[in-house]
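Colleague: Coordinates in structure_36.cif, mmCIF, C-alpha atoms and all ligand atoms, are listed below.
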```cif
data_my_file
loop_
_atom_site.label_atom_id
_atom_site.label_comp_id
_atom_site.auth_asym_id
_atom_site.auth_seq_id
_atom_site.Cartn_x
_atom_site.Cartn_y
_atom_site.Cartn_z
CA MET A 895 -12.90 213.04 -41.97
CA LEU A 896 -10.29 214.69 -44.21
CA GLY A 897 -12.86 216.19 -46.57
CA LYS A 898 -13.58 216.00 -50.29
CA GLY A 899 -10.91 214.54 -52.57
CA ASN A 900 -9.18 212.73 -49.70
CA PRO A 901 -9.34 209.03 -48.84
CA GLU A 902 -11.86 207.87 -46.26
CA THR A 903 -10.37 207.01 -42.88
CA ASP A 904 -11.20 203.70 -41.18
CA VAL A 905 -12.14 204.38 -37.58
CA TRP A 906 -13.70 202.48 -34.67
CA THR A 907 -17.06 203.93 -33.67
CA TYR A 908 -20.12 203.72 -31.49
CA GLY A 909 -23.13 203.12 -33.72
CA GLY A 910 -21.19 203.62 -36.96
CA VAL A 911 -20.54 207.34 -36.54
CA PHE A 912 -17.92 209.65 -35.09
CA PRO A 913 -18.64 211.26 -32.73
CA GLY A 914 -20.83 208.43 -31.37
CA PRO A 915 -24.60 208.97 -31.05
CA LEU A 916 -25.38 212.14 -29.08
CA LEU A 917 -27.16 210.94 -25.95
CA ARG A 918 -29.56 213.59 -24.66
CA LEU A 919 -30.78 212.65 -21.21
CA ARG A 920 -32.99 214.39 -18.68
CA GLN A 921 -31.69 215.30 -15.26
CA GLY A 922 -33.05 212.91 -12.64
CA GLU A 923 -34.59 210.47 -15.13
CA PRO A 924 -33.27 206.90 -15.36
CA VAL A 925 -31.60 205.68 -18.52
CA ARG A 926 -30.73 202.20 -19.81
CA ILE A 927 -27.97 201.88 -22.40
CA VAL A 928 -27.16 198.52 -24.01
CA VAL A 929 -23.57 198.28 -25.25
CA GLU A 930 -22.87 195.47 -27.71
CA ASN A 931 -19.20 194.74 -28.38
CA ARG A 932 -18.50 194.03 -32.03
CA LEU A 933 -14.78 194.75 -31.69
CA ASP A 934 -12.23 191.93 -31.78
CA GLU A 935 -11.14 192.82 -28.25
CA ASP A 936 -12.56 193.50 -24.78
CA THR A 937 -14.11 196.86 -24.03
CA THR A 938 -16.21 198.79 -21.49
CA VAL A 939 -17.80 202.24 -21.49
CA HIS A 940 -16.98 204.96 -18.98
CA TRP A 941 -19.49 207.81 -18.60
CA HIS A 942 -17.06 210.62 -18.01
CA GLY A 943 -18.11 213.06 -15.29
CA ILE A 944 -21.47 211.49 -14.51
CA ARG A 945 -22.04 210.69 -10.84
CA LEU A 946 -23.40 207.15 -10.90
CA PRO A 947 -23.30 203.82 -9.01
CA ASN A 948 -19.79 202.34 -8.97
CA ALA A 949 -20.93 199.21 -10.81
CA MET A 950 -21.86 201.41 -13.80
CA ASP A 951 -18.53 203.27 -13.98
CA GLY A 952 -17.08 201.00 -16.67
CA VAL A 953 -13.66 200.11 -15.27
CA PRO A 954 -12.82 196.54 -16.37
CA GLY A 955 -11.61 194.28 -13.59
CA LEU A 956 -12.59 196.81 -10.94
CA THR A 957 -16.25 197.78 -11.32
CA GLN A 958 -17.29 195.17 -13.89
CA PRO A 959 -15.88 192.31 -15.97
CA PRO A 960 -14.76 193.44 -19.42
CA ILE A 961 -17.35 193.12 -22.20
CA ARG A 962 -15.93 190.31 -24.37
CA PRO A 963 -16.21 190.37 -28.17
CA GLY A 964 -19.77 189.44 -29.14
CA GLU A 965 -21.13 190.14 -25.65
CA SER A 966 -23.29 192.97 -24.29
CA PHE A 967 -23.53 194.92 -21.08
CA VAL A 968 -26.43 197.01 -19.84
CA TYR A 969 -25.59 200.30 -18.17
CA GLU A 970 -28.36 201.76 -16.02
CA PHE A 971 -28.17 204.99 -14.05
CA THR A 972 -29.98 208.21 -13.25
CA PRO A 973 -27.91 211.32 -14.00
CA PRO A 974 -28.21 213.68 -11.01
CA ASP A 975 -26.47 216.62 -12.71
CA ALA A 976 -27.38 218.57 -15.83
CA GLY A 977 -24.46 219.42 -18.11
CA THR A 978 -22.08 218.37 -20.86
CA PHE A 979 -20.45 214.95 -20.41
CA TRP A 980 -18.97 212.31 -22.67
CA TYR A 981 -18.40 208.58 -22.94
CA HIS A 982 -15.45 206.49 -24.05
CA PRO A 983 -13.91 203.02 -23.63
CA HIS A 984 -11.94 202.15 -20.52
CA ALA A 985 -10.15 199.08 -21.92
CA ASN A 986 -7.08 199.47 -24.13
CA SER A 987 -8.21 203.09 -23.91
CA LEU A 988 -5.28 204.67 -25.69
CA GLU A 989 -5.94 202.71 -28.87
CA GLN A 990 -9.75 202.41 -28.69
CA LEU A 991 -10.18 206.13 -28.06
CA GLY A 992 -7.33 206.93 -30.44
CA ARG A 993 -9.15 205.06 -33.22
CA GLY A 994 -12.38 206.95 -32.65
CA LEU A 995 -14.49 205.47 -29.85
CA ALA A 996 -16.01 208.52 -28.17
CA GLY A 997 -19.39 210.20 -27.91
CA VAL A 998 -21.09 213.05 -26.07
CA LEU A 999 -23.78 212.85 -23.43
CA ILE A 1000 -25.82 215.94 -22.66
CA VAL A 1001 -28.01 216.01 -19.57
CA GLU A 1002 -30.61 218.70 -20.10
CA GLU A 1003 -31.55 221.24 -17.46
CA ALA A 1004 -35.08 220.86 -16.11
CA LYS A 1005 -35.85 224.35 -17.46
CA PRO A 1006 -34.30 225.19 -20.86
CA VAL A 1007 -31.65 227.90 -20.90
CA ALA A 1008 -32.57 231.10 -22.78
CA VAL A 1009 -30.37 230.95 -25.89
CA ASP A 1010 -31.11 231.06 -29.60
CA ARG A 1011 -29.04 227.99 -30.38
CA ASP A 1012 -27.34 225.21 -28.42
CA LEU A 1013 -24.24 224.16 -30.38
CA LEU A 1014 -21.84 221.30 -29.77
CA TRP A 1015 -18.23 221.20 -30.98
CA VAL A 1016 -16.58 217.85 -30.41
CA LEU A 1017 -12.89 218.61 -30.91
CA ARG A 1018 -10.06 216.15 -31.26
CA ASP A 1019 -6.89 215.39 -33.11
CA TRP A 1020 -5.92 212.20 -34.94
CA ARG A 1021 -2.61 210.85 -36.10
CA VAL A 1022 -3.22 210.08 -39.73
CA THR A 1023 -0.77 208.57 -42.25
CA SER A 1024 -0.19 210.02 -45.73
CA GLU A 1025 -2.71 207.39 -46.95
CA GLY A 1026 -5.32 208.92 -44.65
CA GLN A 1027 -5.40 206.01 -42.20
CA ILE A 1028 -4.95 206.01 -38.41
CA ALA A 1029 -1.25 205.60 -37.68
CA SER A 1030 -0.29 202.66 -35.49
CA GLY A 1031 2.36 202.90 -32.80
CA PHE A 1032 0.05 203.43 -29.83
CA GLY A 1033 1.93 203.32 -26.53
CA ASN A 1034 5.26 204.67 -27.79
CA MET A 1035 7.38 205.09 -24.65
CA MET A 1036 9.23 208.20 -25.75
CA GLU A 1037 5.91 209.94 -26.40
CA ALA A 1038 4.41 208.61 -23.19
CA GLY A 1039 7.23 210.27 -21.27
CA MET A 1040 6.79 213.59 -23.09
CA SER A 1041 3.46 215.16 -24.13
CA GLY A 1042 1.64 211.99 -25.21
CA ARG A 1043 0.30 211.01 -28.60
CA VAL A 1044 -0.46 214.37 -30.21
CA GLY A 1045 -2.04 214.03 -33.66
CA ASN A 1046 -1.49 215.82 -36.95
CA THR A 1047 -5.12 216.34 -38.01
CA ILE A 1048 -7.82 218.19 -36.08
CA THR A 1049 -11.52 217.63 -36.57
CA LEU A 1050 -14.66 219.41 -35.37
CA ASN A 1051 -17.64 217.04 -35.04
CA GLY A 1052 -15.72 214.47 -37.05
CA THR A 1053 -14.56 216.44 -40.09
CA VAL A 1054 -11.77 218.88 -40.85
CA PRO A 1055 -13.69 222.07 -40.07
CA GLY A 1056 -15.05 224.49 -42.63
CA ASP A 1057 -16.79 227.75 -41.67
CA GLN A 1058 -19.45 227.73 -38.94
CA PRO A 1059 -22.69 229.47 -40.02
CA ILE A 1060 -23.71 232.28 -37.64
CA ARG A 1061 -26.49 234.86 -37.62
CA ALA A 1062 -25.70 238.31 -36.29
CA GLY A 1063 -27.28 239.07 -32.90
CA GLU A 1064 -27.69 235.46 -31.82
CA ARG A 1065 -26.94 234.34 -28.30
CA VAL A 1066 -25.38 230.88 -28.59
CA ARG A 1067 -24.60 228.28 -25.99
CA LEU A 1068 -21.49 226.55 -27.29
CA ARG A 1069 -20.51 223.26 -25.69
CA LEU A 1070 -16.83 222.48 -26.26
CA VAL A 1071 -15.59 218.93 -25.68
CA ASN A 1072 -11.96 217.92 -26.18
CA VAL A 1073 -11.82 214.17 -26.80
CA SER A 1074 -8.15 214.15 -27.87
CA LEU A 1075 -5.78 211.64 -26.31
CA ALA A 1076 -3.20 214.25 -25.40
CA ARG A 1077 -3.69 217.54 -27.24
CA ILE A 1078 -4.34 220.60 -25.09
CA MET A 1079 -6.17 223.46 -26.76
CA SER A 1080 -6.35 227.16 -26.00
CA LEU A 1081 -9.07 228.81 -28.06
CA ARG A 1082 -9.42 232.48 -28.89
CA PHE A 1083 -12.53 233.84 -30.61
CA GLU A 1084 -11.48 236.89 -32.62
CA GLY A 1085 -13.90 239.80 -32.26
CA HIS A 1086 -16.00 238.02 -29.62
CA ALA A 1087 -16.09 237.84 -25.84
CA PRO A 1088 -17.26 234.36 -24.80
CA VAL A 1089 -18.48 233.85 -21.25
CA VAL A 1090 -17.73 230.58 -19.44
CA ILE A 1091 -20.89 229.20 -17.81
CA ALA A 1092 -19.85 225.61 -17.00
CA ILE A 1093 -16.61 223.69 -16.56
CA ASP A 1094 -16.46 219.91 -16.89
CA GLY A 1095 -20.22 219.64 -16.75
CA GLN A 1096 -20.71 221.75 -13.62
CA PRO A 1097 -22.13 225.31 -13.76
CA CYS A 1098 -19.88 228.13 -12.58
CA GLU A 1099 -20.23 231.86 -11.98
CA PRO A 1100 -20.41 233.31 -15.53
CA HIS A 1101 -17.01 234.84 -16.28
CA LYS A 1102 -14.75 235.91 -19.11
CA PRO A 1103 -11.76 233.56 -19.29
CA ASP A 1104 -8.23 234.87 -18.57
CA GLY A 1105 -6.89 236.71 -21.61
CA GLY A 1106 -9.96 235.63 -23.57
CA ARG A 1107 -8.46 232.16 -23.94
CA ILE A 1108 -10.44 229.01 -23.33
CA LEU A 1109 -8.15 226.27 -22.09
CA LEU A 1110 -9.28 222.73 -22.90
CA GLY A 1111 -7.23 219.76 -21.78
CA PRO A 1112 -8.06 216.26 -22.98
CA ALA A 1113 -11.48 215.12 -21.66
CA MET A 1114 -12.41 218.66 -20.60
CA ARG A 1115 -15.71 220.32 -21.36
CA ILE A 1116 -16.41 224.06 -21.32
CA ASP A 1117 -19.86 225.53 -21.90
CA LEU A 1118 -19.78 229.08 -23.29
CA LEU A 1119 -22.33 231.80 -23.88
CA ILE A 1120 -21.35 233.79 -26.95
CA ASP A 1121 -23.21 236.89 -28.06
CA MET A 1122 -22.71 237.19 -31.81
CA LYS A 1123 -21.87 240.88 -32.04
CA GLY A 1124 -19.99 240.64 -35.32
CA GLU A 1125 -21.06 242.28 -38.58
CA PRO A 1126 -23.48 240.56 -40.96
CA GLY A 1127 -21.36 238.96 -43.70
CA GLY A 1128 -18.26 239.02 -41.46
CA ARG A 1129 -15.71 236.24 -40.93
CA TYR A 1130 -14.04 235.80 -37.54
CA ARG A 1131 -11.26 233.35 -36.86
CA VAL A 1132 -11.16 230.87 -34.00
CA ILE A 1133 -7.50 230.31 -33.16
CA ASP A 1134 -5.84 227.58 -31.12
CA ASP A 1135 -2.47 228.83 -29.91
CA PHE A 1136 -1.71 226.47 -27.02
CA TYR A 1137 1.57 225.07 -28.40
CA GLU A 1138 4.14 227.81 -28.88
CA GLY A 1139 4.90 228.41 -32.54
CA LEU A 1140 2.17 226.00 -33.65
CA GLU A 1141 -0.76 228.41 -33.70
CA TYR A 1142 -3.41 227.51 -36.27
CA GLU A 1143 -6.89 228.52 -37.34
CA LEU A 1144 -9.37 225.95 -36.03
CA THR A 1145 -12.38 227.36 -37.83
CA ARG A 1146 -14.19 230.63 -38.64
CA LEU A 1147 -17.47 232.10 -37.50
CA ALA A 1148 -19.14 232.92 -40.82
CA TYR A 1149 -21.93 235.47 -40.46
CA SER A 1150 -24.81 235.43 -42.92
CA ASP A 1151 -25.98 238.71 -44.43
CA ALA A 1152 -29.23 238.58 -42.42
CA VAL A 1153 -30.06 241.57 -40.20
CA PRO A 1154 -29.13 241.05 -36.54
CA VAL A 1155 -31.63 239.14 -34.38
CA ARG A 1156 -30.99 241.75 -31.66
CA THR A 1157 -28.52 244.51 -30.96
CA ARG A 1158 -28.93 244.73 -27.18
CA PHE A 1159 -28.08 241.62 -25.16
CA PRO A 1160 -29.30 240.79 -21.66
CA GLU A 1161 -26.66 240.10 -18.96
CA PRO A 1162 -25.49 236.47 -19.07
CA THR A 1163 -27.28 234.44 -16.42
CA ALA A 1164 -25.80 231.52 -14.48
CA LEU A 1165 -26.97 227.97 -15.10
CA PRO A 1166 -28.93 226.41 -12.24
CA MET A 1167 -26.55 224.71 -9.78
CA ASN A 1168 -26.49 220.92 -9.64
CA PRO A 1169 -27.30 219.11 -6.37
CA LEU A 1170 -23.65 218.61 -5.36
CA PRO A 1171 -22.93 217.69 -1.74
CA GLU A 1172 -20.87 220.30 0.12
CA PRO A 1173 -18.07 218.65 2.13
CA ASP A 1174 -17.23 219.95 5.61
CA LEU A 1175 -13.48 220.42 5.36
CA SER A 1176 -12.94 221.79 8.88
CA ALA A 1177 -12.06 218.35 10.29
CA ALA A 1178 -10.94 216.66 7.09
CA GLU A 1179 -8.52 213.73 7.10
CA ARG A 1180 -5.42 214.61 5.04
CA HIS A 1181 -3.58 212.53 2.46
CA GLU A 1182 -0.87 213.41 -0.03
CA LEU A 1183 -0.71 212.55 -3.70
CA ILE A 1184 2.70 212.89 -5.28
CA LEU A 1185 2.74 212.91 -9.05
CA GLU A 1186 6.07 212.07 -10.63
CA GLY A 1187 7.62 211.01 -13.88
CA GLY A 1188 8.12 211.99 -17.48
CA MET A 1189 11.23 212.24 -19.61
CA MET A 1190 11.88 215.84 -18.61
CA SER A 1191 11.68 215.31 -14.88
CA ARG A 1192 14.65 215.62 -12.57
CA MET A 1193 13.73 212.29 -11.03
CA MET A 1194 14.69 210.45 -14.19
CA GLY A 1195 18.30 210.77 -13.13
CA SER A 1196 17.89 210.88 -9.37
CA GLY A 1197 17.20 207.24 -8.61
CA ALA A 1198 14.05 208.29 -6.75
CA MET A 1199 11.76 206.37 -9.04
CA GLY A 1200 8.99 204.11 -7.81
CA ARG A 1201 8.59 200.51 -8.78
CA GLY A 1202 6.37 201.21 -11.79
CA MET A 1203 8.85 203.79 -13.01
CA MET A 1204 11.71 201.31 -12.94
CA GLU A 1205 9.64 198.96 -15.04
CA GLY A 1206 8.98 201.89 -17.32
CA MET A 1207 12.67 202.36 -17.90
CA GLY A 1208 13.05 198.67 -18.68
CA GLY A 1209 10.17 199.12 -21.07
CA MET A 1210 12.11 201.57 -23.19
CA MET A 1211 14.09 198.61 -24.44
CA GLY A 1212 11.22 196.17 -24.47
CA VAL A 1213 7.53 196.11 -23.58
CA ALA A 1214 6.03 199.50 -22.84
CA ARG A 1215 5.35 200.06 -19.12
CA ALA A 1216 4.69 203.03 -16.88
CA MET A 1217 6.34 206.42 -17.29
CA TRP A 1218 4.42 208.32 -14.62
CA SER A 1219 3.46 207.50 -11.07
CA ILE A 1220 1.28 208.53 -8.12
CA ASN A 1221 2.91 207.88 -4.73
CA GLY A 1222 5.36 205.57 -6.46
CA THR A 1223 2.83 203.29 -8.14
CA SER A 1224 1.60 203.28 -11.71
CA MET A 1225 -1.33 201.95 -13.63
CA THR A 1226 0.16 200.06 -16.53
CA GLY A 1227 -2.13 199.55 -19.49
CA ASP A 1228 -5.54 198.79 -18.05
CA GLY A 1229 -4.21 196.79 -15.14
CA HIS A 1230 -6.67 198.17 -12.62
CA ALA A 1231 -7.52 194.70 -11.29
CA ASP A 1232 -4.31 193.98 -9.38
CA MET A 1233 -3.52 197.47 -8.17
CA PRO A 1234 -3.37 197.85 -4.40
CA PRO A 1235 -5.52 200.79 -3.22
CA LEU A 1236 -3.59 204.00 -2.57
CA PHE A 1237 -5.80 204.74 0.44
CA THR A 1238 -8.53 203.03 2.37
CA LEU A 1239 -11.12 205.58 3.40
CA ALA A 1240 -14.04 205.43 5.80
CA ARG A 1241 -17.36 206.06 4.07
CA GLY A 1242 -18.97 209.41 4.91
CA ARG A 1243 -15.79 211.06 6.27
CA PRO A 1244 -14.51 214.31 4.74
CA ILE A 1245 -11.04 213.80 3.25
CU CU A 1301 -12.80 209.67 -19.07
#
```
As structure tokens, how would this structure be written, given the file I've shared?
Ligand SMILES: [Cu+2]
Modeller:
Amino acid sequence: MLGKGNPETDVWTYGGVFPGPLLRLRQGEPVRIVVENRLDEDTTVHWHGIRLPNAMDGVPGLTQPPIRPGESFVYEFTPPDAGTFWYHPHANSLEQLGRGLAGVLIVEEAKPVAVDRDLLWVLRDWRVTSEGQIASGFGNMMEAGMSGRVGNTITLNGTVPGDQPIRAGERVRLRLVNVSLARIMSLRFEGHAPVVIAIDGQPCEPHKPDGGRILLGPAMRIDLLIDMKGEPGGRYRVIDDFYEGLEYELTRLAYSDAVPVRTRFPEPTALPMNPLPEPDLSAAERHELILEGGMMSRMMGSGAMGRGMMEGMGGMMGVARAMWSINGTSMTGDGHADMPPLFTLARGRPI
């Protein structure tokens, strides 16, 4: 992970690699995935962003029993939407994901998109000790109440990034996936004008992002079209400047000396839309979700905290509990099983 001359880092993985095996599926075709748990603790797999039967959603105690150490679970579903998705554990998620359990799932469009190359950048940070190992201390309450567990080492497809080889005149589809626990990224491609063609797996009207910056929160995916209009032999920086004063160079687009593949580029075309249902909102039932919490919030001193929040405060002196709440209740750890539902909704009604 840290590159030549540095110690190897012990991580938890799917299939022995980080990122986990790239699952390329076809839209509308069934898939069967056997997950065998060789960890010393329970796990499940959540297929982030895929619309699938509830029983396949991977939430322990809610949609399935946890997969115990040594046991297996078979996930079966048919992805209805083409796009860029990912998978990760949903049990002790902070630590299991923080130690490396994550992989990407690409559902291919029925008709391939006209690009020269389809690239994938799995981005994430890690908190690594000076010995090059994953730092412990998951679930620190002070962090939980601030910006979360932000790491000190950033990798691209599992290694500290070097230059990315580019040929002048290429049109590239670049799939960005942020599998960090907490780090938000804001990417700028110097000398290039990327066009956003999908957000979180769903196609959108092709557009240039605000200020040329591509904002990627944890778990987010952005698909870009980038026309490589730089000079042969040129080097162009990719900057992440989300956190003020902590701007850094993520990587560089490194052009070969080869003559450009083309000098005139066709207009970017939209990806085919997925078969998403269109809700009729004219007579929708209304509910409110109130998000509260955090160390910086005014509520911390106002006494307006919900039950989970009070436990969270107690937790600062003892066991870590909730720091944030929705309508006054919090999910603590992976305690989905005993949570009362926030709402009970009638099936088929617009909300
Ligand atoms: Cu997820």
Colleague: Give me the residues near range 936-942 of chain A as an MDAnalysis selection string, where near means some atom within 10 Å (using only C-alpha atoms) and where sequence neighbours in that chain fewer than 2 positions away do not count.
Modeller: chainID A and resid 929:934 944:946 950:954 958:967 969 978:987 990 995:999 1094:1095 1113:1114
Colleague: Need the shell around range 1170-1186 of chain A: protein/DNA/RNA residues with any atom at most 7 Å away, counting all atoms listed in the file. Skip same-chain ones fewer than 2 positions apart. Format as a VMD selection string?
Modeller: chain A and resid 1168 1218 to 1221 1244 to 1245
Colleague: May I ask which of the residues A:Met1122, A:Gly1139, A:Pro1100, A:Gly1128 is the closest one to Ala1164 in chain A, counting only C-alpha atoms?
Modeller: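 Ranked by minimum distance to Ala1164 in chain A, first place goes to A:Pro1100.
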Colleague: Counting all atoms listed in the file, note down every residue that has an atom within 10 Å of the point (-7.3, 229.0, -38.9) (file coordinates), as a short mmCIF file (atom, residue, chain, number, x, y, z; two decimals) with C-alpha atoms, in the frame of the given file.
Modeller:
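Once everything was written out, this is result-v7.cif:
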```cif
data_model
loop_
_atom_site.label_atom_id
_atom_site.label_comp_id
_atom_site.auth_asym_id
_atom_site.auth_seq_id
_atom_site.Cartn_x
_atom_site.Cartn_y
_atom_site.Cartn_z
CA PRO A 1055 -13.69 222.07 -40.07
CA GLY A 1056 -15.05 224.49 -42.63
CA ASP A 1057 -16.79 227.75 -41.67
CA TYR A 1130 -14.04 235.80 -37.54
CA ARG A 1131 -11.26 233.35 -36.86
CA VAL A 1132 -11.16 230.87 -34.00
CA ILE A 1133 -7.50 230.31 -33.16
CA ASP A 1134 -5.84 227.58 -31.12
CA GLU A 1141 -0.76 228.41 -33.70
CA TYR A 1142 -3.41 227.51 -36.27
CA GLU A 1143 -6.89 228.52 -37.34
CA LEU A 1144 -9.37 225.95 -36.03
CA THR A 1145 -12.38 227.36 -37.83
CA ARG A 1146 -14.19 230.63 -38.64
#
```
Colleague: For CA of Glu1161 in chain A and CA of Asp1010 in chain A, quote the distance in Å rounded to one decimal.
Modeller: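 Those two atoms sit 14.7 Å apart.
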